[in-house]
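Chemist: So here's upload_6.tsv, just TSV, C-alpha atoms:
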chain	number	residue	atom	x	y	z
A	16	MET	CA	-45.20	18.39	94.51
A	17	ALA	CA	-48.49	16.75	95.50
A	18	GLU	CA	-51.41	16.94	93.13
A	19	PRO	CA	-54.06	19.54	94.07
A	20	ARG	CA	-57.01	18.12	95.96
A	21	PRO	CA	-60.68	19.06	96.00
A	22	ALA	CA	-61.87	21.30	98.82
A	23	ILE	CA	-64.85	21.34	101.14
A	24	VAL	CA	-65.63	24.75	102.62
A	25	PHE	CA	-67.55	24.50	105.92
A	26	ALA	CA	-69.76	27.41	107.02
A	27	HIS	CA	-71.04	27.62	110.62
A	28	GLY	CA	-74.38	28.97	111.79
A	29	LEU	CA	-75.16	32.03	113.90
A	30	VAL	CA	-72.68	32.88	116.67
A	31	PRO	CA	-72.59	35.78	119.13
A	32	PRO	CA	-70.24	38.61	118.18
A	33	GLY	CA	-66.91	38.28	119.93
A	34	ALA	CA	-67.34	34.58	120.68
A	35	ARG	CA	-64.07	32.87	121.55
A	36	PRO	CA	-62.83	30.52	120.37
A	37	THR	CA	-64.22	31.25	116.93
A	38	PRO	CA	-66.00	28.40	115.11
A	39	ARG	CA	-62.98	27.42	113.05
A	40	ASP	CA	-61.39	26.24	116.30
A	41	TRP	CA	-64.45	24.42	117.64
A	42	PRO	CA	-63.89	20.67	117.95
A	43	VAL	CA	-66.83	19.87	115.66
A	44	TYR	CA	-65.44	21.83	112.71
A	45	ARG	CA	-61.87	20.76	113.34
A	46	GLY	CA	-63.26	17.24	113.24
A	47	TYR	CA	-65.03	17.79	109.93
A	48	GLY	CA	-61.85	19.27	108.48
A	49	SER	CA	-59.78	16.33	109.66
A	50	VAL	CA	-62.19	13.77	108.26
A	51	ALA	CA	-62.31	15.65	104.95
A	52	ALA	CA	-58.50	15.48	104.82
A	53	ALA	CA	-58.56	11.78	105.59
A	54	ARG	CA	-60.84	11.33	102.59
A	55	GLY	CA	-58.49	13.15	100.26
A	56	ALA	CA	-59.99	16.65	100.36
A	57	VAL	CA	-58.84	19.95	101.80
A	58	GLY	CA	-61.12	21.01	104.66
A	59	VAL	CA	-61.66	24.76	105.01
A	60	VAL	CA	-63.60	26.26	107.93
A	61	VAL	CA	-64.78	29.84	107.50
A	62	ASP	CA	-65.20	32.35	110.32
A	63	HIS	CA	-67.89	34.70	109.04
A	64	ARG	CA	-69.98	37.55	110.42
A	65	LEU	CA	-73.33	35.85	110.90
A	66	HIS	CA	-74.32	37.29	114.27
A	67	GLY	CA	-78.02	37.89	113.59
A	68	LEU	CA	-80.62	38.29	110.85
A	69	THR	CA	-79.03	41.50	109.57
A	70	GLY	CA	-75.66	39.78	109.21
A	71	TYR	CA	-76.45	37.68	106.16
A	72	PRO	CA	-75.05	40.04	103.50
A	73	ASP	CA	-71.74	40.35	105.36
A	74	ALA	CA	-71.61	36.60	106.01
A	75	ALA	CA	-72.31	35.91	102.35
A	76	ASP	CA	-69.42	38.20	101.36
A	77	ASP	CA	-67.14	36.46	103.86
A	78	LEU	CA	-68.09	33.03	102.55
A	79	ALA	CA	-67.57	34.03	98.92
A	80	ALA	CA	-64.17	35.53	99.76
A	81	ALA	CA	-63.13	32.41	101.68
A	82	VAL	CA	-64.17	30.14	98.82
A	83	GLU	CA	-62.16	32.19	96.34
A	84	LEU	CA	-59.15	32.23	98.67
A	85	ALA	CA	-59.35	28.45	98.98
A	86	ARG	CA	-59.56	28.06	95.20
A	87	GLN	CA	-56.37	30.12	94.83
A	88	ASP	CA	-54.45	27.88	97.24
A	89	SER	CA	-51.90	25.73	95.40
A	90	ARG	CA	-53.01	22.67	97.38
A	91	VAL	CA	-56.58	22.96	96.07
A	92	ASP	CA	-58.01	21.90	92.74
A	93	ALA	CA	-59.91	25.09	91.92
A	94	GLU	CA	-62.34	23.18	89.71
A	95	ARG	CA	-63.55	20.83	92.46
A	96	VAL	CA	-65.11	22.61	95.43
A	97	ALA	CA	-68.05	21.87	97.72
A	98	ILE	CA	-69.73	24.21	100.19
A	99	TRP	CA	-71.24	22.73	103.36
A	100	ALA	CA	-73.48	24.91	105.55
A	101	PHE	CA	-74.72	24.23	109.07
A	102	SER	CA	-77.79	25.56	110.87
A	103	GLY	CA	-78.39	29.24	110.10
A	104	ALA	CA	-75.76	29.24	107.37
A	105	GLY	CA	-78.21	27.23	105.27
A	106	LEU	CA	-79.66	30.52	104.02
A	107	LEU	CA	-76.25	31.44	102.60
A	108	LEU	CA	-76.60	28.62	100.08
A	109	ALA	CA	-79.23	30.59	98.15
A	110	ASP	CA	-76.57	32.53	96.22
A	111	TRP	CA	-74.83	29.34	95.16
A	112	LEU	CA	-78.05	27.58	94.21
A	113	ARG	CA	-79.26	30.53	92.17
A	114	ALA	CA	-76.16	30.71	89.98
A	115	PRO	CA	-73.85	27.73	90.60
A	116	PRO	CA	-70.42	28.13	88.99
A	117	ALA	CA	-69.01	25.19	87.04
A	118	TRP	CA	-66.35	24.50	89.67
A	119	LEU	CA	-68.93	24.09	92.44
A	120	ARG	CA	-69.44	20.34	92.49
A	121	CYS	CA	-71.82	20.05	95.46
A	122	VAL	CA	-73.56	21.96	98.24
A	123	ALA	CA	-74.46	20.36	101.53
A	124	ALA	CA	-76.54	21.45	104.49
A	125	SER	CA	-76.75	19.92	107.96
A	126	TYR	CA	-79.81	20.68	110.18
A	127	PRO	CA	-80.16	23.88	108.17
A	128	ILE	CA	-82.48	26.82	108.34
A	129	LEU	CA	-83.72	27.09	104.75
A	130	GLY	CA	-86.26	29.88	104.96
A	131	GLY	CA	-86.22	33.20	106.74
A	132	PRO	CA	-88.80	35.15	108.72
A	133	PRO	CA	-90.68	38.13	107.25
A	134	GLY	CA	-88.31	41.01	106.72
A	135	LEU	CA	-85.29	38.93	105.81
A	136	ASP	CA	-83.53	39.99	102.62
A	137	PRO	CA	-85.32	37.96	99.88
A	138	ARG	CA	-81.91	37.13	98.44
A	139	PHE	CA	-81.52	34.49	101.16
A	140	GLN	CA	-84.35	32.12	100.29
A	141	PRO	CA	-82.97	28.72	99.20
A	142	ALA	CA	-86.43	27.32	98.43
A	143	GLU	CA	-86.82	29.94	95.70
A	144	ALA	CA	-83.22	29.71	94.49
A	145	VAL	CA	-83.19	25.92	94.08
A	146	ALA	CA	-85.19	26.15	90.84
A	147	HIS	CA	-82.01	27.51	89.23
A	148	ALA	CA	-79.61	24.91	90.66
A	149	GLY	CA	-79.68	22.74	87.54
A	150	ALA	CA	-77.55	19.60	87.93
A	151	LEU	CA	-75.80	20.78	91.11
A	152	PRO	CA	-75.89	17.97	93.71
A	153	ILE	CA	-77.45	18.93	97.05
A	154	VAL	CA	-76.83	16.81	100.15
A	155	LEU	CA	-79.30	17.62	102.93
A	156	THR	CA	-78.98	16.19	106.44
A	157	ARG	CA	-82.24	16.64	108.35
A	158	VAL	CA	-83.06	15.64	111.90
A	159	GLY	CA	-86.25	14.11	113.23
A	160	ARG	CA	-86.28	16.21	116.41
A	161	GLU	CA	-85.83	19.54	114.66
A	162	HIS	CA	-87.47	22.71	115.99
A	163	PRO	CA	-90.88	22.90	114.30
A	164	GLN	CA	-90.26	26.31	112.75
A	165	ILE	CA	-86.96	25.16	111.24
A	166	ALA	CA	-88.41	21.83	110.13
A	167	ALA	CA	-91.09	23.70	108.19
A	168	THR	CA	-88.44	25.58	106.20
A	169	VAL	CA	-86.65	22.31	105.43
A	170	GLU	CA	-89.82	20.66	104.20
A	171	ALA	CA	-90.65	23.68	102.03
A	172	PHE	CA	-87.20	23.44	100.50
A	173	VAL	CA	-87.54	19.70	99.89
A	174	SER	CA	-90.88	20.26	98.17
A	175	ALA	CA	-89.43	23.01	95.98
A	176	ALA	CA	-86.38	20.90	95.11
A	177	ARG	CA	-88.50	17.93	94.13
A	178	ALA	CA	-90.83	20.10	92.08
A	179	CYS	CA	-87.93	21.20	89.88
A	180	ASP	CA	-86.19	17.79	89.83
A	181	ALA	CA	-83.15	19.10	91.66
A	182	ARG	CA	-80.40	16.58	92.46
A	183	LEU	CA	-81.34	16.30	96.12
A	184	GLU	CA	-79.97	13.56	98.38
A	185	ILE	CA	-81.38	13.41	101.90
A	186	VAL	CA	-79.61	11.95	104.91
A	187	ASP	CA	-82.22	11.43	107.62
A	188	VAL	CA	-81.34	11.29	111.31
A	189	PRO	CA	-84.67	10.20	112.83
A	190	HIS	CA	-83.64	10.60	116.48
A	191	GLY	CA	-81.28	13.50	115.91
A	192	GLN	CA	-81.72	17.03	117.19
A	193	HIS	CA	-80.46	20.38	115.93
A	194	GLY	CA	-76.69	20.20	116.33
A	195	PHE	CA	-76.78	16.40	116.59
A	196	ASP	CA	-73.16	16.09	115.52
A	197	VAL	CA	-72.19	17.95	118.69
A	198	LEU	CA	-74.94	16.86	121.08
A	199	ASP	CA	-75.83	13.26	120.21
A	200	HIS	CA	-72.96	10.83	120.72
A	201	THR	CA	-74.73	7.87	119.12
A	202	ASP	CA	-74.15	5.34	116.38
A	203	GLU	CA	-76.98	6.99	114.43
A	204	SER	CA	-75.20	10.35	114.55
A	205	ARG	CA	-71.88	8.94	113.47
A	206	ALA	CA	-73.49	6.98	110.64
A	207	ALA	CA	-75.31	10.11	109.39
A	208	VAL	CA	-72.11	12.16	109.32
A	209	GLU	CA	-70.29	9.36	107.51
A	210	ARG	CA	-73.07	9.05	104.95
A	211	ALA	CA	-73.10	12.80	104.28
A	212	LEU	CA	-69.31	12.89	103.97
A	213	THR	CA	-69.38	9.96	101.57
A	214	ALA	CA	-71.98	11.73	99.43
A	215	VAL	CA	-70.12	15.04	99.34
A	216	THR	CA	-66.69	13.58	98.67
A	217	GLY	CA	-68.22	11.39	95.97
A	218	HIS	CA	-69.32	14.51	94.10
A	219	ILE	CA	-65.97	16.27	94.26
Show how you would write the structure in this file as structure tokens.
Modeler:
Amino acid sequence: MAEPRPAIVFAHGLVPPGARPTPRDWPVYRGYGSVAAARGAVGVVVDHRLHGLTGYPDAADDLAAAVELARQDSRVDAERVAIWAFSGAGLLLADWLRAPPAWLRCVAASYPILGGPPGLDPRFQPAEAVAHAGALPIVLTRVGREHPQIAATVEAFVSAARACDARLEIVDVPHGQHGFDVLDHTDESRAAVERALTAVTGHI
């Protein structure tokens, strides 16, 4: 029997309710899962209920359940798990930053939203939660052509992370846009994804 391998759990951003195919079958996430497997990890893509601002509690429950299900899989080393969030799922990382379990070896975020508008449940504020992250590695991929409102949340998070000496590694994509790994078929995009994957797999 093969030795258990570490796992990377990928969490998509906001999607319309009833969207088909669901994100776990989108080429971009199938690609991330395949590359994770090629690097010796188990890639897990979660379909969760993030369909709008009110969906965060349900999506957080779905993500937590998926992570636990992955950890129970005999192919997975339950003590070596990373969570990687994209776009609007960045807010879901707040729970894991606020109280990271010992088996969580890394969190990653690609072109994430890291701060919510007024009225959002204060539970989902990564810039406030990062002060409790301790030694948890954080791999952040940010894009130079980000929407200004989203870019502001990323910069607020970076400032908060640096203020508390969090283990933050930034992968910059100067010419990238939101969703660059889908939209920008360039050497810069491919290099950024490879660098982020190298960082995450290095921590697990």
Chemist: Can you tell me which residues surround Phe101 of chain A at a distance of at most 10 Å, considering only C-alpha atoms, apart from same-chain residues fewer than 2 positions away, and format the answer as a PyMOL selection string?
Modeler: chain A and resi 25-29+99+103-107+123-128+156+193-194
Chemist: So, with all atoms listed in the file as the atoms that count, which of A:Ala206, A:Leu135, A:Ala117, A:Ala148 lies closest to Thr69 of chain A?
Modeler: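 The closest residue to Thr69 of chain A is A:Leu135.
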Chemist: When you look at segment 214-216 of chain A with a cut-off of 9 Å (counting all atoms listed in the file), what residues show up, excluding the ones that are within fewer than 2 positions of it in the same chain? I need them as a list in words.
Modeler: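 Those residues are Pro21, Ile23, Ala51, Arg54, Gly55, Ala56, Ala97, Trp99, Arg120, Cys121, Val122, Ala123, Pro152, Ile153, Val154, Glu184, Glu209, Arg210, Ala211, Leu212, His218 and Ile219 of chain A.
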Chemist: So what do you get for atom CA of Ala175 of chain A versus atom CA of Trp111 of chain A, distance-wise?
Modeler: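 Value for the atom CA of Ala175 of chain A-atom CA of Trp111 of chain A distance: 15.9 Å.
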Chemist: Have a look at A:Val96, A:Ala80, A:Val50, A:Val30 and name the one nearest to Arg64 of chain A; count all atoms listed in the file.
Modeler: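 Looking at the shortest contact to Arg64 of chain A, the residue is A:Val30.
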Chemist: Just checking: using only C-alpha atoms, which residue out of A:Pro189, A:Leu68, A:Ala171, A:Leu78 ends up closest to Asp136 of chain A?
Modeler: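 Nearest candidate to Asp136 of chain A out of A:Pro189, A:Leu68, A:Ala171, A:Leu78: A:Leu68.
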Chemist: Find the spatial neighbours of segment 195-205 of chain A, counting only C-alpha atoms, within a cut-off of 8 Å - ignore same-chain residues fewer than 6 positions away - and output them as an NGL selection string.
Modeler: :A and (43 or 158 or 188)
Chemist: Go through A:Leu155, A:Ala52, A:Cys179, A:Val169 and flag the residue nearest Val208 of chain A, using all atoms listed in the file for the distances.
Modeler: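 Counting all atoms listed in the file, the residue closest to Val208 of chain A is A:Leu155.
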Chemist: At a cut-off of 10 Å, using only C-alpha atoms, what residues contact segment 92-94 of chain A? Leave out same-chain residues fewer than 4 positions from it and give the result as a VMD selection string.
Modeler: chain A and resid 18 to 22 56 to 57 82 to 88 116 to 120 219
Chemist: Of the candidates A:His190, A:Arg138, A:Arg157, A:Arg90, which one gets nearest to Phe172 of chain A if we count all atoms listed in the file?
Modeler: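 Result for the nearest residue to Phe172 of chain A: A:Arg157.
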Chemist: Would you mind reading off the distance between atom CA of Ala207 of chain A and atom CA of Thr37 of chain A, one decimal, in Å?
Modeler: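 A separation of 25.0 Å between them.
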Chemist: Enter the distance from atom CA of Val91 of chain A to atom CA of Arg35 of chain A, in Å, rounded to one decimal.
Modeler: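 Here the two named atoms are 28.3 Å from each other.
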Chemist: Pull the neighbourhood of (-78.8, 42.2, 107.4) for me: all residues within 12 Å in file coordinates, counting all atoms listed in the file, as a list in words.
Modeler: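 Nearby residues: Arg64, Leu65, His66, Gly67, Leu68, Thr69, Gly70, Tyr71, Pro72, Asp73, Ala74, Ala75, Asp76, Gly131, Gly134, Leu135, Asp136, Pro137, Arg138 and Phe139 of chain A.
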Chemist: Pick out the residues sitting within 8 Å of Arg39 of chain A, and hand them over as a ChimeraX atom specification; count only C-alpha atoms, and ignore anything fewer than 5 positions along from it in its own chain.
Modeler: /A:44-45,60-62
Chemist: Check the smallest atom-to-atom distance from each of A:Gln192, A:Ile98, A:Ala17, A:Ala34 to Val59 of chain A using all atoms listed in the file, then report the winner.
Modeler: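 Closest to Val59 of chain A, using all atoms listed in the file: A:Ile98.
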